[in-house]
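Text of work_23.pdb (PDB, C-alpha atoms and all ligand atoms) as supplied:
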```pdb
ATOM      1  CA  MET A   6     157.278 117.099  22.764
ATOM      2  CA  GLY A   7     153.844 117.434  24.367
ATOM      3  CA  ASN A   8     151.155 115.845  22.253
ATOM      4  CA  GLU A   9     153.374 115.184  19.267
ATOM      5  CA  ARG A  10     152.744 111.809  17.715
ATOM      6  CA  ARG A  11     155.470 109.190  17.642
ATOM      7  CA  LYS A  12     156.847 108.531  14.175
ATOM      8  CA  LEU A  13     156.590 104.993  12.875
ATOM      9  CA  ALA A  14     158.469 103.285  10.069
ATOM     10  CA  VAL A  15     156.648 100.212   8.781
ATOM     11  CA  LEU A  16     158.822  97.715   6.919
ATOM     12  CA  ILE A  17     157.052  95.363   4.538
ATOM     13  CA  SER A  18     157.810  92.933   1.736
ATOM     14  CA  GLY A  19     154.376  92.139   0.338
ATOM     15  CA  ARG A  20     150.662  92.544   0.896
ATOM     16  CA  GLY A  21     150.902  95.024   3.761
ATOM     17  CA  SER A  22     147.597  94.235   5.443
ATOM     18  CA  ASN A  23     149.099  94.820   8.900
ATOM     19  CA  MET A  24     150.470  98.150   7.714
ATOM     20  CA  GLU A  25     146.966  99.001   6.511
ATOM     21  CA  ALA A  26     145.494  98.135   9.896
ATOM     22  CA  ILE A  27     148.039 100.426  11.555
ATOM     23  CA  LEU A  28     147.304 103.141   8.990
ATOM     24  CA  GLN A  29     143.591 102.851   9.730
ATOM     25  CA  SER A  30     144.225 103.393  13.446
ATOM     26  CA  THR A  31     146.403 106.440  12.814
ATOM     27  CA  ARG A  32     143.405 108.152  11.187
ATOM     28  CA  ASP A  33     141.992 108.632  14.678
ATOM     29  CA  ALA A  34     143.366 111.979  15.882
ATOM     30  CA  SER A  35     143.799 110.626  19.399
ATOM     31  CA  TYR A  36     146.073 107.787  18.237
ATOM     32  CA  PRO A  37     149.582 108.503  19.588
ATOM     33  CA  ALA A  38     151.550 107.622  16.441
ATOM     34  CA  SER A  39     151.584 108.135  12.683
ATOM     35  CA  ILE A  40     153.360 106.358   9.847
ATOM     36  CA  ALA A  41     156.241 108.555   8.687
ATOM     37  CA  LEU A  42     157.771 105.969   6.376
ATOM     38  CA  ALA A  43     156.727 102.808   4.552
ATOM     39  CA  LEU A  44     159.791 100.919   3.387
ATOM     40  CA  SER A  45     160.050  97.745   1.366
ATOM     41  CA  ASP A  46     162.842  95.566   0.027
ATOM     42  CA  ASN A  47     160.401  94.608  -2.735
ATOM     43  CA  PRO A  48     159.475  97.352  -5.232
ATOM     44  CA  GLU A  49     156.396  95.320  -6.243
ATOM     45  CA  ALA A  50     154.999  95.130  -2.711
ATOM     46  CA  GLN A  51     151.258  95.776  -2.769
ATOM     47  CA  GLY A  52     151.602  97.613   0.540
ATOM     48  CA  LEU A  53     153.831 100.260  -1.048
ATOM     49  CA  THR A  54     151.019 101.230  -3.401
ATOM     50  CA  THR A  55     148.605 101.412  -0.481
ATOM     51  CA  ALA A  56     151.011 103.664   1.414
ATOM     52  CA  LYS A  57     151.619 105.924  -1.586
ATOM     53  CA  MET A  58     147.902 106.334  -2.131
ATOM     54  CA  ALA A  59     147.593 107.378   1.509
ATOM     55  CA  GLY A  60     150.261 110.043   0.978
ATOM     56  CA  ILE A  61     152.893 108.330   3.123
ATOM     57  CA  SER A  62     156.582 108.570   2.207
ATOM     58  CA  SER A  63     157.199 105.239   0.561
ATOM     59  CA  VAL A  64     160.508 103.833  -0.572
ATOM     60  CA  ALA A  65     161.661 100.595  -2.144
ATOM     61  CA  ILE A  66     165.214  99.546  -1.348
ATOM     62  CA  PRO A  67     165.715  96.319  -3.312
ATOM     63  CA  ARG A  68     168.413  93.988  -2.056
ATOM     64  CA  ALA A  69     169.510  93.311  -5.658
ATOM     65  CA  GLN A  70     170.724  96.892  -6.035
ATOM     66  CA  TYR A  71     173.422  96.363  -3.387
ATOM     67  CA  SER A  72     176.483  94.171  -3.541
ATOM     68  CA  SER A  73     176.153  92.905   0.032
ATOM     69  CA  LYS A  74     173.646  92.419   2.830
ATOM     70  CA  HIS A  75     175.683  94.937   4.828
ATOM     71  CA  GLU A  76     175.357  97.666   2.194
ATOM     72  CA  HIS A  77     171.666  96.995   1.780
ATOM     73  CA  GLU A  78     171.095  97.293   5.515
ATOM     74  CA  GLN A  79     173.132 100.511   5.615
ATOM     75  CA  ALA A  80     170.833 102.014   2.989
ATOM     76  CA  VAL A  81     167.745 100.947   4.935
ATOM     77  CA  MET A  82     169.142 102.402   8.170
ATOM     78  CA  GLU A  83     169.999 105.687   6.451
ATOM     79  CA  GLU A  84     166.438 105.987   5.209
ATOM     80  CA  ILE A  85     165.016 105.226   8.648
ATOM     81  CA  ASP A  86     167.352 107.690  10.340
ATOM     82  CA  ALA A  87     166.585 110.423   7.794
ATOM     83  CA  HIS A  88     162.951 110.280   8.971
ATOM     84  CA  GLN A  89     163.780 110.493  12.700
ATOM     85  CA  ILE A  90     161.759 107.420  13.453
ATOM     86  CA  ASP A  91     160.714 106.587  17.012
ATOM     87  CA  LEU A  92     159.493 103.026  16.471
ATOM     88  CA  ILE A  93     160.186 100.566  13.656
ATOM     89  CA  CYS A  94     157.395  98.086  12.988
ATOM     90  CA  LEU A  95     158.282  95.026  10.942
ATOM     91  CA  ALA A  96     155.131  93.798   9.240
ATOM     92  CA  GLY A  97     155.902  90.947   6.906
ATOM     93  CA  TYR A  98     159.435  92.172   6.199
ATOM     94  CA  MET A  99     161.026  89.019   4.835
ATOM     95  CA  ARG A 100     164.698  89.665   5.605
ATOM     96  CA  ILE A 101     166.783  88.343   8.420
ATOM     97  CA  LEU A 102     168.474  91.323  10.053
ATOM     98  CA  SER A 103     172.106  91.421  11.158
ATOM     99  CA  SER A 104     173.041  92.292  14.728
ATOM    100  CA  ASP A 105     174.375  95.647  13.447
ATOM    101  CA  PHE A 106     170.823  96.466  12.473
ATOM    102  CA  THR A 107     169.047  95.001  15.498
ATOM    103  CA  ASP A 108     171.530  96.540  17.979
ATOM    104  CA  ARG A 109     171.109  99.978  16.483
ATOM    105  CA  TYR A 110     167.354  99.927  17.099
ATOM    106  CA  SER A 111     167.302  97.834  20.250
ATOM    107  CA  GLY A 112     164.089  98.497  22.179
ATOM    108  CA  ARG A 113     162.739 100.567  19.272
ATOM    109  CA  MET A 114     161.960  97.818  16.759
ATOM    110  CA  ILE A 115     159.101  95.329  16.965
ATOM    111  CA  ASN A 116     157.812  92.506  14.769
ATOM    112  CA  ILE A 117     154.576  90.593  14.358
ATOM    113  CA  HIS A 118     154.867  86.843  13.959
ATOM    114  CA  PRO A 119     151.964  84.509  13.128
ATOM    115  CA  SER A 120     152.380  81.981  15.949
ATOM    116  CA  LEU A 121     152.363  81.833  19.717
ATOM    117  CA  LEU A 122     156.107  82.235  20.162
ATOM    118  CA  PRO A 123     158.316  80.568  21.233
ATOM    119  CA  LYS A 124     156.409  77.945  19.242
ATOM    120  CA  PHE A 125     156.852  77.881  15.459
ATOM    121  CA  LYS A 126     159.544  80.401  14.665
ATOM    122  CA  GLY A 127     160.139  80.886  10.938
ATOM    123  CA  LEU A 128     157.781  80.119   8.053
ATOM    124  CA  ASN A 129     154.609  78.043   7.411
ATOM    125  CA  THR A 130     153.460  78.529  10.968
ATOM    126  CA  HIS A 131     149.782  77.708  10.397
ATOM    127  CA  GLN A 132     150.422  74.343   8.756
ATOM    128  CA  ARG A 133     153.001  73.484  11.391
ATOM    129  CA  ALA A 134     150.542  74.310  14.194
ATOM    130  CA  LEU A 135     147.967  72.012  12.543
ATOM    131  CA  ASP A 136     150.516  69.238  12.031
ATOM    132  CA  ALA A 137     151.510  69.465  15.684
ATOM    133  CA  GLY A 138     147.876  69.052  16.764
ATOM    134  CA  GLU A 139     147.812  72.366  18.632
ATOM    135  CA  ALA A 140     144.527  73.266  20.338
ATOM    136  CA  GLU A 141     145.437  76.962  20.245
ATOM    137  CA  HIS A 142     147.367  79.120  17.818
ATOM    138  CA  GLY A 143     147.769  82.852  17.335
ATOM    139  CA  CYS A 144     150.181  85.709  16.863
ATOM    140  CA  THR A 145     152.915  87.442  18.815
ATOM    141  CA  ILE A 146     154.398  90.918  18.858
ATOM    142  CA  HIS A 147     157.953  90.979  20.129
ATOM    143  CA  TYR A 148     160.991  93.209  20.270
ATOM    144  CA  VAL A 149     163.493  92.379  17.562
ATOM    145  CA  ASN A 150     166.958  91.155  18.428
ATOM    146  CA  ALA A 151     169.521  89.242  16.399
ATOM    147  CA  GLU A 152     167.830  85.897  17.024
ATOM    148  CA  MET A 153     165.078  85.421  14.416
ATOM    149  CA  ASP A 154     161.646  85.601  16.119
ATOM    150  CA  GLY A 155     163.515  85.367  19.423
ATOM    151  CA  GLY A 156     163.214  88.811  21.055
ATOM    152  CA  GLN A 157     161.267  89.664  24.186
ATOM    153  CA  ILE A 158     157.537  89.038  23.834
ATOM    154  CA  ILE A 159     155.297  92.081  24.239
ATOM    155  CA  SER A 160     151.828  90.694  23.573
ATOM    156  CA  GLN A 161     149.956  87.756  22.050
ATOM    157  CA  ALA A 162     146.474  87.029  20.701
ATOM    158  CA  ARG A 163     145.057  83.497  20.654
ATOM    159  CA  VAL A 164     142.612  81.634  18.456
ATOM    160  CA  THR A 165     141.145  78.178  18.978
ATOM    161  CA  VAL A 166     142.095  75.624  16.325
ATOM    162  CA  LEU A 167     138.897  74.147  14.837
ATOM    163  CA  PRO A 168     138.521  70.497  13.760
ATOM    164  CA  ASN A 169     138.209  71.273  10.038
ATOM    165  CA  ASP A 170     140.804  74.023   9.883
ATOM    166  CA  THR A 171     143.196  74.233   6.964
ATOM    167  CA  ALA A 172     146.293  76.426   6.994
ATOM    168  CA  ASP A 173     144.215  78.992   5.071
ATOM    169  CA  THR A 174     141.200  79.103   7.375
ATOM    170  CA  LEU A 175     143.355  79.110  10.487
ATOM    171  CA  GLY A 176     145.694  81.714   9.001
ATOM    172  CA  ALA A 177     142.765  83.981   8.156
ATOM    173  CA  ARG A 178     141.527  83.951  11.763
ATOM    174  CA  VAL A 179     145.044  84.631  13.036
ATOM    175  CA  LEU A 180     145.436  87.499  10.548
ATOM    176  CA  ALA A 181     142.219  89.096  11.820
ATOM    177  CA  GLU A 182     143.745  89.034  15.313
ATOM    178  CA  GLU A 183     147.009  90.489  13.999
ATOM    179  CA  HIS A 184     145.108  93.449  12.605
ATOM    180  CA  LYS A 185     143.688  94.208  16.053
ATOM    181  CA  LEU A 186     146.794  93.431  18.077
ATOM    182  CA  TYR A 187     149.391  95.417  16.136
ATOM    183  CA  PRO A 188     147.672  98.826  16.352
ATOM    184  CA  GLU A 189     146.870  98.203  20.012
ATOM    185  CA  VAL A 190     150.457  97.349  20.975
ATOM    186  CA  ILE A 191     151.747 100.406  19.110
ATOM    187  CA  ARG A 192     149.210 102.523  20.971
ATOM    188  CA  GLN A 193     150.489 101.198  24.294
ATOM    189  CA  LEU A 194     154.160 101.615  23.409
ATOM    190  CA  CYS A 195     153.654 105.159  22.128
ATOM    191  CA  SER A 196     151.395 106.430  24.911
TER
HETATM  192  C1  LIG B   1     151.678  88.338   8.627
HETATM  193  O1  LIG B   1     151.084  87.097   8.807
HETATM  194  C2  LIG B   1     152.723  88.577   9.680
HETATM  195  O2  LIG B   1     152.420  87.989  10.901
HETATM  196  C3  LIG B   1     153.937  87.918   9.083
HETATM  197  O3  LIG B   1     153.863  88.181   7.709
HETATM  198  C4  LIG B   1     152.495  88.388   7.341
HETATM  199  C5  LIG B   1     152.441  89.731   6.673
HETATM  200  O4  LIG B   1     151.175  89.980   6.121
HETATM  201  N1  LIG B   1     155.148  88.401   9.708
HETATM  202  P1  LIG B   1     150.801  91.437   5.622
HETATM  203  O5  LIG B   1     151.879  91.841   4.612
HETATM  204  O6  LIG B   1     150.794  92.343   6.821
HETATM  205  O7  LIG B   1     149.468  91.334   4.985
END
```

Please lay out the structure from this file as structure tokens.
Amino acid sequence: MGNERRKLAVLISGRGSNMEAILQSTRDASYPASIALALSDNPEAQGLTTAKMAGISSVAIPRAQYSSKHEHEQAVMEEIDAHQIDLICLAGYMRILSSDFTDRYSGRMINIHPSLLPKFKGLNTHQRALDAGEAEHGCTIHYVNAEMDGGQIISQARVTVLPNDTADTLGARVLAEEHKLYPEVIRQLCS
């Protein structure tokens, strides 16, 4: 294996800004991983276009083309396995995964979530942090298991909540931290 880079699959459903941050890091020859596959359940995902333009194998596997969640997941797993992926990075992949899926990639699949888990699992995390009067907010990278946003925490980045923050301003500062944290955690896991 020697200096061979670890192969990443990045799973997205939309914008793909975290995928782009990872992609940017992989341009450094000393980075220990490269993106071998960008996969989306949404054929319209902006991130798929970004990946294609960067010459990365990009596939859309829309849920609507399969008669069940099980069959859809099987197709996604086949695609991942065909690329001999070392680490799966969920980056705004908006599907809840079955335990068949999470068990298969146990210890080899991570997710980024825009809150300081275990606080604020699920959606609308920035507004919920504001509503709860949190002094601090941030993002978490964790291993993925069958419990949504519930796997072992790997790393977190924090931001201070400011008096005039809206969900948008707070979310933008968290996102900037996500873009630093995700490539750094991948670097550590792949080194
Ligand atoms: C990020 O906020 C991430 O934490 C969450 O979904 C969002 C994805 O954004 N899981 P992007 O597609 O990476 O721009």

Could you give me the axis-aligned bounding box of stretch 163-178 of chain A, with 3 Å of padding per side, as centre plus edge lengths in Å to one decimal, as AutoDock Vina command-line options?
```
--center_x 142.3 --center_y 77.2 --center_z 12.9 --size_x 14.1 --size_y 19.5 --size_z 21.6
```

> Which residue gives the smallest distance to A:Gln132 among A:Gln79, A:Ser18, A:Thr174, A:Gln193, with only C-alpha atoms counted?
Replying inline: A:Thr174

> Leaving out A:Asn47 and any residue of its chain fewer than 2 positions from it, which residues lie within 9 Å of it when counting only C-alpha atoms, given as a PyMOL selection string?
Replying inline: chain A and resi 17-19+44-45+49-50+53+65-68

> Please, which residues are within 10 Å of (165.7, 106.9, 4.6) by the file's coordinates, counting all atoms listed in the file, and could they come as an MDAnalysis selection string?
Replying inline: chainID A and resid 14 42:44 62:64 66 79:90

> Residues at most 9 Å from ligand LIG 1 (chain B), using only C-alpha atoms and all ligand atoms? Could they come as number ranges by chain?
Replying inline: A: 17-26, 50-52, 95-99, 116-120, 128, 144-146, 176-177, 179-180, 183-184

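Picture a line from atom CA of A:Ser111 to atom CA of A:Arg192; it runs 18.7 Å.
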
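For the set A:Leu121, A:Ile40, A:Ile158, A:Val166, the residue with the smallest atom-to-atom gap to A:Asp136 is A:Val166, counting only C-alpha atoms.
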
> So what do you get for atom CA of A:Arg133 versus atom CA of A:Glu189, distance-wise?
Replying inline: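 Spanning atom CA of A:Arg133 to atom CA of A:Glu189 is a straight-line distance of 26.9 Å.
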
> In terms of the shortest atom-to-atom distance over only C-alpha atoms, which of A:Asp91, A:Glu76, A:Asp154, A:Glu141 is closest to A:Arg113?
Replying inline: A:Asp91

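Across the chains present, the PyMOL selection byres (((chain A and resi 102) around 10) and not hetatm) applied to this file returns Lys74, His75, Glu78, Tyr98, Met99, Arg100, Ile101, Ser103, Ser104, Asp105, Phe106, Thr107, Asp108, Val149, Asn150, Ala151, Glu152 and Met153 of chain A.
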
Leaving out A:Met114 and any residue of its chain fewer than 4 positions from it, which residues lie within 6 Å of it when counting all atoms listed in the file, given as an mmCIF file with C-alpha atoms, in the coordinates of the input?
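To be explicit, this is the file written out as out-v2.cif:
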```cif
data_model
loop_
_atom_site.group_PDB
_atom_site.id
_atom_site.type_symbol
_atom_site.label_atom_id
_atom_site.label_comp_id
_atom_site.auth_asym_id
_atom_site.auth_seq_id
_atom_site.Cartn_x
_atom_site.Cartn_y
_atom_site.Cartn_z
ATOM 1 C CA LEU A 92 159.493 103.026 16.471
ATOM 2 C CA ILE A 93 160.186 100.566 13.656
ATOM 3 C CA CYS A 94 157.395 98.086 12.988
ATOM 4 C CA TYR A 110 167.354 99.927 17.099
ATOM 5 C CA TYR A 148 160.991 93.209 20.270
ATOM 6 C CA VAL A 149 163.493 92.379 17.562
#
```

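Considering the residues A:Gly138, A:Ile159, A:Leu194, A:His131 and counting all atoms listed in the file, A:Asp173 has its shortest atom-to-atom contact with A:His131.
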
> How many Å separate atom CA of A:Val164 from atom CA of A:Ala140?
Replying inline: 8.8 Å

>> What's around A:Arg10 at 8 Å? Count all atoms listed in the file, leave out sequence neighbours fewer than 3 positions away in its own chain, and write the answer as a list in words.
In response: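 Near neighbours after the sequence-gap exclusion: Tyr36, Pro37, Ala38 and Ser39 of chain A.
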